[in-house]
file protein-v5.cif (mmCIF, C-alpha atoms, pLDDT in the B column; chains and numbers go by the auth columns)
data_start
loop_
_atom_site.group_PDB
_atom_site.id
_atom_site.type_symbol
_atom_site.label_atom_id
_atom_site.label_comp_id
_atom_site.label_asym_id
_atom_site.label_seq_id
_atom_site.Cartn_x
_atom_site.Cartn_y
_atom_site.Cartn_z
_atom_site.B_iso_or_equiv
_atom_site.auth_seq_id
_atom_site.auth_asym_id
ATOM 1 C CA MET A 1 -17.555 3.775 37.989 62.00 1 A
ATOM 2 C CA SER A 2 -20.455 6.015 39.000 62.00 2 A
ATOM 3 C CA ALA A 3 -23.717 6.152 37.063 59.00 3 A
ATOM 4 C CA GLU A 4 -22.710 9.586 35.750 62.00 4 A
ATOM 5 C CA GLU A 5 -19.328 8.273 34.532 61.00 5 A
ATOM 6 C CA THR A 6 -21.028 5.278 32.910 56.00 6 A
ATOM 7 C CA SER A 7 -23.508 7.548 31.167 79.00 7 A
ATOM 8 C CA LYS A 8 -20.683 9.785 29.873 78.00 8 A
ATOM 9 C CA SER A 9 -18.736 6.725 28.736 84.00 9 A
ATOM 10 C CA ASP A 10 -21.791 5.323 26.925 92.00 10 A
ATOM 11 C CA SER A 11 -22.554 8.637 25.227 94.00 11 A
ATOM 12 C CA ARG A 12 -18.936 8.958 24.096 96.00 12 A
ATOM 13 C CA HIS A 13 -18.970 5.385 22.787 94.00 13 A
ATOM 14 C CA ALA A 14 -22.149 6.212 20.837 94.00 14 A
ATOM 15 C CA ALA A 15 -20.444 9.389 19.548 96.00 15 A
ATOM 16 C CA ARG A 16 -17.437 7.371 18.354 97.00 16 A
ATOM 17 C CA LEU A 17 -19.649 4.820 16.621 95.00 17 A
ATOM 18 C CA GLY A 18 -21.653 7.593 14.974 95.00 18 A
ATOM 19 C CA ALA A 19 -18.504 9.492 13.978 97.00 19 A
ATOM 20 C CA VAL A 20 -17.084 6.418 12.250 97.00 20 A
ATOM 21 C CA GLN A 21 -20.336 5.975 10.321 96.00 21 A
ATOM 22 C CA ALA A 22 -20.352 9.680 9.444 97.00 22 A
ATOM 23 C CA LEU A 23 -16.707 9.647 8.307 97.00 23 A
ATOM 24 C CA TYR A 24 -17.457 6.621 6.142 96.00 24 A
ATOM 25 C CA GLN A 25 -20.456 8.404 4.640 95.00 25 A
ATOM 26 C CA MET A 26 -18.374 11.534 4.004 95.00 26 A
ATOM 27 C CA GLU A 27 -15.751 9.486 2.169 94.00 27 A
ATOM 28 C CA MET A 28 -18.335 7.596 0.118 94.00 28 A
ATOM 29 C CA ASN A 29 -20.460 10.526 -1.034 93.00 29 A
ATOM 30 C CA GLY A 30 -18.169 13.535 -0.636 91.00 30 A
ATOM 31 C CA SER A 31 -20.422 15.351 1.844 90.00 31 A
ATOM 32 C CA GLY A 32 -18.952 17.876 4.251 92.00 32 A
ATOM 33 C CA ALA A 33 -18.747 17.498 8.013 92.00 33 A
ATOM 34 C CA GLU A 34 -21.369 20.161 8.723 92.00 34 A
ATOM 35 C CA GLU A 35 -23.947 18.581 6.412 94.00 35 A
ATOM 36 C CA ILE A 36 -23.368 15.089 7.826 94.00 36 A
ATOM 37 C CA ALA A 37 -23.404 16.326 11.449 93.00 37 A
ATOM 38 C CA GLN A 38 -26.769 17.960 10.853 93.00 38 A
ATOM 39 C CA GLU A 39 -28.173 14.796 9.255 92.00 39 A
ATOM 40 C CA PHE A 40 -27.020 12.658 12.181 91.00 40 A
ATOM 41 C CA ALA A 41 -28.390 15.121 14.760 90.00 41 A
ATOM 42 C CA GLU A 42 -31.762 15.398 13.033 90.00 42 A
ATOM 43 C CA HIS A 43 -32.327 11.793 11.979 89.00 43 A
ATOM 44 C CA ARG A 44 -29.896 9.170 13.218 88.00 44 A
ATOM 45 C CA PHE A 45 -29.227 10.016 16.847 88.00 45 A
ATOM 46 C CA SER A 46 -32.884 9.658 17.786 84.00 46 A
ATOM 47 C CA GLU A 47 -32.797 6.009 16.644 82.00 47 A
ATOM 48 C CA LEU A 48 -30.022 5.082 19.091 81.00 48 A
ATOM 49 C CA PRO A 49 -30.546 3.624 22.583 85.00 49 A
ATOM 50 C CA VAL A 50 -27.985 6.083 24.027 87.00 50 A
ATOM 51 C CA MET A 51 -27.804 9.714 22.975 91.00 51 A
ATOM 52 C CA PRO A 52 -24.281 10.414 21.659 94.00 52 A
ATOM 53 C CA ASP A 53 -22.160 13.170 23.149 95.00 53 A
ATOM 54 C CA GLN A 54 -22.771 15.573 20.269 94.00 54 A
ATOM 55 C CA GLU A 55 -19.867 17.873 21.112 95.00 55 A
ATOM 56 C CA PHE A 56 -17.477 14.900 21.102 96.00 56 A
ATOM 57 C CA PHE A 57 -19.030 13.601 17.841 96.00 57 A
ATOM 58 C CA ASN A 58 -18.590 17.017 16.204 96.00 58 A
ATOM 59 C CA ALA A 59 -14.978 17.298 17.391 97.00 59 A
ATOM 60 C CA ILE A 60 -14.110 13.995 15.683 97.00 60 A
ATOM 61 C CA LEU A 61 -16.171 14.723 12.582 96.00 61 A
ATOM 62 C CA ASN A 62 -14.578 18.150 12.075 96.00 62 A
ATOM 63 C CA GLY A 63 -11.089 17.231 13.268 97.00 63 A
ATOM 64 C CA VAL A 64 -10.463 14.225 11.039 97.00 64 A
ATOM 65 C CA PRO A 65 -10.888 16.014 7.680 96.00 65 A
ATOM 66 C CA GLN A 66 -9.037 19.061 8.984 95.00 66 A
ATOM 67 C CA HIS A 67 -5.986 16.923 9.842 94.00 67 A
ATOM 68 C CA GLN A 68 -6.499 14.011 7.455 94.00 68 A
ATOM 69 C CA GLU A 69 -3.141 14.334 5.719 94.00 69 A
ATOM 70 C CA GLU A 70 -1.235 14.031 9.013 93.00 70 A
ATOM 71 C CA ILE A 71 -3.593 11.320 10.265 96.00 71 A
ATOM 72 C CA ASP A 72 -3.155 9.276 7.092 95.00 72 A
ATOM 73 C CA ARG A 73 0.644 9.602 7.310 94.00 73 A
ATOM 74 C CA ALA A 74 0.544 8.217 10.859 94.00 74 A
ATOM 75 C CA ILE A 75 -1.641 5.295 9.734 95.00 75 A
ATOM 76 C CA VAL A 76 0.576 4.504 6.737 93.00 76 A
ATOM 77 C CA ALA A 77 3.641 4.503 9.009 92.00 77 A
ATOM 78 C CA ALA A 78 1.921 1.906 11.231 92.00 78 A
ATOM 79 C CA LEU A 79 0.927 -0.406 8.367 89.00 79 A
ATOM 80 C CA SER A 80 3.012 -3.246 7.025 81.00 80 A
ATOM 81 C CA GLU A 81 5.094 -2.296 3.993 78.00 81 A
ATOM 82 C CA LYS A 82 2.850 -4.561 1.928 76.00 82 A
ATOM 83 C CA TRP A 83 -0.267 -2.528 2.784 77.00 83 A
ATOM 84 C CA LYS A 84 -1.333 0.742 1.255 81.00 84 A
ATOM 85 C CA LEU A 85 -3.988 2.862 2.952 85.00 85 A
ATOM 86 C CA GLU A 86 -6.185 2.574 -0.128 82.00 86 A
ATOM 87 C CA ARG A 87 -6.217 -1.214 0.349 84.00 87 A
ATOM 88 C CA VAL A 88 -7.653 -0.901 3.848 87.00 88 A
ATOM 89 C CA ASP A 89 -11.433 -1.340 3.983 91.00 89 A
ATOM 90 C CA SER A 90 -13.205 2.032 4.004 95.00 90 A
ATOM 91 C CA ILE A 91 -14.876 1.382 7.385 96.00 91 A
ATOM 92 C CA LEU A 92 -11.508 0.407 8.853 95.00 92 A
ATOM 93 C CA ARG A 93 -10.008 3.619 7.437 96.00 93 A
ATOM 94 C CA ALA A 94 -12.743 5.617 9.176 97.00 94 A
ATOM 95 C CA ILE A 95 -12.115 3.754 12.458 98.00 95 A
ATOM 96 C CA LEU A 96 -8.359 4.300 12.267 97.00 96 A
ATOM 97 C CA ARG A 97 -8.710 7.953 11.290 97.00 97 A
ATOM 98 C CA ALA A 98 -11.051 8.674 14.192 98.00 98 A
ATOM 99 C CA GLY A 99 -8.775 6.792 16.591 98.00 99 A
ATOM 100 C CA VAL A 100 -5.644 8.616 15.456 98.00 100 A
ATOM 101 C CA PHE A 101 -7.424 11.952 15.714 98.00 101 A
ATOM 102 C CA GLU A 102 -8.316 11.181 19.324 97.00 102 A
ATOM 103 C CA LEU A 103 -4.813 9.972 20.144 96.00 103 A
ATOM 104 C CA VAL A 104 -3.313 13.219 18.921 94.00 104 A
ATOM 105 C CA ALA A 105 -5.959 15.865 19.569 94.00 105 A
ATOM 106 C CA ARG A 106 -7.833 14.561 22.631 94.00 106 A
ATOM 107 C CA ARG A 107 -5.211 14.275 25.352 92.00 107 A
ATOM 108 C CA ASP A 108 -8.055 14.297 27.898 93.00 108 A
ATOM 109 C CA VAL A 109 -8.785 10.680 26.904 95.00 109 A
ATOM 110 C CA PRO A 110 -6.114 8.123 27.940 96.00 110 A
ATOM 111 C CA ALA A 111 -4.470 6.340 25.001 97.00 111 A
ATOM 112 C CA ARG A 112 -5.504 2.895 26.268 97.00 112 A
ATOM 113 C CA VAL A 113 -9.133 4.040 26.427 97.00 113 A
ATOM 114 C CA VAL A 114 -8.938 5.331 22.849 97.00 114 A
ATOM 115 C CA ILE A 115 -7.508 2.016 21.656 98.00 115 A
ATOM 116 C CA ASP A 116 -10.061 -0.071 23.569 97.00 116 A
ATOM 117 C CA GLU A 117 -12.942 2.059 22.326 97.00 117 A
ATOM 118 C CA TYR A 118 -11.995 1.791 18.661 98.00 118 A
ATOM 119 C CA VAL A 119 -11.336 -1.947 18.974 98.00 119 A
ATOM 120 C CA ALA A 120 -14.919 -2.185 20.305 97.00 120 A
ATOM 121 C CA VAL A 121 -16.171 -0.032 17.405 97.00 121 A
ATOM 122 C CA ALA A 122 -14.365 -2.355 14.976 97.00 122 A
ATOM 123 C CA GLY A 123 -16.058 -5.288 16.709 96.00 123 A
ATOM 124 C CA ALA A 124 -19.438 -3.677 16.036 94.00 124 A
ATOM 125 C CA PHE A 125 -18.731 -3.746 12.291 94.00 125 A
ATOM 126 C CA PHE A 126 -16.512 -6.814 11.889 94.00 126 A
ATOM 127 C CA GLY A 127 -16.202 -10.172 13.559 84.00 127 A
ATOM 128 C CA ALA A 128 -12.912 -11.655 12.489 82.00 128 A
ATOM 129 C CA ASP A 129 -9.426 -10.181 12.352 91.00 129 A
ATOM 130 C CA GLU A 130 -10.298 -6.494 11.969 94.00 130 A
ATOM 131 C CA PRO A 131 -10.528 -5.601 15.697 96.00 131 A
ATOM 132 C CA GLY A 132 -7.027 -7.060 16.152 95.00 132 A
ATOM 133 C CA PHE A 133 -5.806 -5.058 13.167 93.00 133 A
ATOM 134 C CA VAL A 134 -7.225 -1.862 14.701 96.00 134 A
ATOM 135 C CA ASN A 135 -5.652 -2.737 18.053 96.00 135 A
ATOM 136 C CA ALA A 136 -2.207 -3.292 16.515 95.00 136 A
ATOM 137 C CA ALA A 137 -2.281 -0.156 14.354 96.00 137 A
ATOM 138 C CA LEU A 138 -3.562 2.170 17.092 97.00 138 A
ATOM 139 C CA ASP A 139 -1.183 0.675 19.667 97.00 139 A
ATOM 140 C CA THR A 140 1.772 1.348 17.350 95.00 140 A
ATOM 141 C CA ILE A 141 0.618 4.914 16.722 96.00 141 A
ATOM 142 C CA ALA A 142 -0.161 5.549 20.406 95.00 142 A
ATOM 143 C CA LYS A 143 3.318 4.455 21.428 94.00 143 A
ATOM 144 C CA ARG A 144 4.761 7.017 19.005 92.00 144 A
ATOM 145 C CA LYS A 145 2.328 9.853 19.682 91.00 145 A
ATOM 146 C CA ARG A 146 1.937 9.314 23.438 92.00 146 A
ATOM 147 C CA ALA A 147 5.139 7.537 24.365 89.00 147 A
ATOM 148 C CA ALA A 148 5.165 8.906 27.916 89.00 148 A
ATOM 149 C CA GLU A 149 1.836 7.185 28.732 90.00 149 A
ATOM 150 C CA PHE A 150 3.531 3.871 27.957 89.00 150 A
ATOM 151 C CA GLY A 151 6.734 4.682 29.836 87.00 151 A
ATOM 152 C CA LEU A 152 8.661 5.120 26.592 87.00 152 A
ATOM 153 C CA SER A 153 10.907 7.960 25.498 81.00 153 A
ATOM 154 C CA THR A 154 9.371 10.297 22.929 69.00 154 A
ATOM 155 C CA PRO A 155 10.719 9.674 19.408 64.00 155 A
ATOM 156 C CA GLU A 156 12.234 12.738 17.799 54.00 156 A
ATOM 157 C CA GLY A 157 10.158 14.326 15.100 49.00 157 A
ATOM 158 C CA GLU A 158 6.825 13.125 16.465 55.00 158 A
ATOM 159 C CA LEU A 159 4.656 16.219 16.560 50.00 159 A
ATOM 160 C CA ASP A 160 0.993 16.772 17.178 60.00 160 A
ATOM 161 C CA PHE A 161 -1.085 18.642 14.680 55.00 161 A
#

call {"tool": "encode", "arguments": {"input": "protein-v5.cif", "output": "C-alpha cells"}}
result
Amino acid sequence: MSAEETSKSDSRHAARLGAVQALYQMEMNGSGAEEIAQEFAEHRFSELPVMPDQEFFNAILNGVPQHQEEIDRAIVAALSEKWKLERVDSILRAILRAGVFELVARRDVPARVVIDEYVAVAGAFFGADEPGFVNAALDTIAKRKRAAEFGLSTPEGELDF
C-alpha cells in the first residue's frame, strides 16, 4: 500500500471512529447530525493524531439517521431471536448502524473492509466479546446485502435503500 493509500485508509478509519462517537452522542442527547458534525469539526477533530476524512464522516453521520429504520431492520434480522436491538449496548448499536450504512450505501468500499474496520472500531471501545459480535452481525448482513462479493446468490427481497 502506498503512503497515499495508507493516509486515506487512516483518515477513513478516524472518520469511522468519529462517526460512531457522533452517532452515540446523537442517540444520547437527541442532537441532529448537522449540529454534531459542526461540533466534531470545530473541537474534536483537532485533538486526533490523524485528521478524519470529513466528507466520509459526514456521509455516515447523515446517512445513518436518514435510513435508520431500514438499518435497524437489517440489524434485528441478524441478531439471535433472544436479542432485541434495545438490549444491545448503545455504542455497539452505533457501530452496527454505521457498518450497515456503509455495507448498503458505500459500494465503493469492499464488504470485507467494512467488516474489518468496524471490528477494529469495536476493539477501540471494548476488549472482550464485542468485536466478535460485531464481526458476526456485519458478516451476516454483508452476505445478504452484498451476496455477490462472497460468491453467493442474491436473496430475493434484499434491496438497498

call {"tool": "residues_around", "arguments": {"input": "protein-v5.cif", "residues": "Leu79 (chain A)", "least_positions_apart": "3", "cutoff": "12 Å", "atoms": "all atoms listed in the file", "output": "number ranges by chain"}}
result
A: 72-76, 82-88, 93, 96, 133-141

call {"tool": "closest_residue", "arguments": {"input": "protein-v5.cif", "among": "A:Gly123, A:Gly18, A:Gly30, A:Pro110", "to": "Asp53 (chain A)", "atoms": "all atoms listed in the file"}}
result
A:Gly18

call {"tool": "axis_aligned_box", "arguments": {"input": "protein-v5.cif", "around": "region 86-103 of chain A", "padding_each_side": "6 Å", "output": "JSON"}}
result
{"center_x": -9.8, "center_y": 5.3, "center_z": 10.0, "size_x": 22.1, "size_y": 25.3, "size_z": 32.3}

call {"tool": "resolve_selection", "arguments": {"input": "protein-v5.cif", "expression": "the PyMOL selection byres ((chain A and resi 55-57) around 10)", "output": "JSON, numbers by chain"}}
result
{"A": [11, 12, 13, 14, 15, 16, 17, 18, 19, 20, 22, 37, 40, 41, 52, 53, 54, 58, 59, 60, 61, 62, 63, 106]}

call {"tool": "closest_residue", "arguments": {"input": "protein-v5.cif", "among": "A:Arg44, A:Phe125, A:Lys145, A:Ser9", "to": "Ser90 (chain A)", "atoms": "all atoms listed in the file"}}
result
A:Phe125

call {"tool": "closest_residue", "arguments": {"input": "protein-v5.cif", "among": "A:Lys8, A:Ala147, A:Tyr24, A:Gln68", "to": "Ile36 (chain A)", "atoms": "all atoms listed in the file"}}
result
A:Tyr24

call {"tool": "residues_around", "arguments": {"input": "protein-v5.cif", "residues": "Arg107 (chain A)", "least_positions_apart": "4", "cutoff": "12 Å", "atoms": "only C-alpha atoms", "output": "list in words"}}
result
Val100, Phe101, Glu102, Leu103, Ala111, Arg112, Val113, Val114, Ala142, Lys145, Arg146, Ala148, Glu149 and Asp160 of chain A

call {"tool": "atom_distance", "arguments": {"input": "protein-v5.cif", "atom1": "CA of Ala120 (chain A)", "atom2": "CA of Gly32 (chain A)"}}
result
26.0 Å

call {"tool": "atom_distance", "arguments": {"input": "protein-v5.cif", "atom1": "CA of Pro65 (chain A)", "atom2": "CA of Ala78 (chain A)"}}
result
19.4 Å

call {"tool": "atom_distance", "arguments": {"input": "protein-v5.cif", "atom1": "CA of Val119 (chain A)", "atom2": "CA of Gly132 (chain A)"}}
result
7.3 Å

call {"tool": "closest_residue", "arguments": {"input": "protein-v5.cif", "among": "A:Asp10, A:Ile95, A:Leu48, A:Glu35", "to": "Leu23 (chain A)", "atoms": "only C-alpha atoms"}}
result
A:Ile95
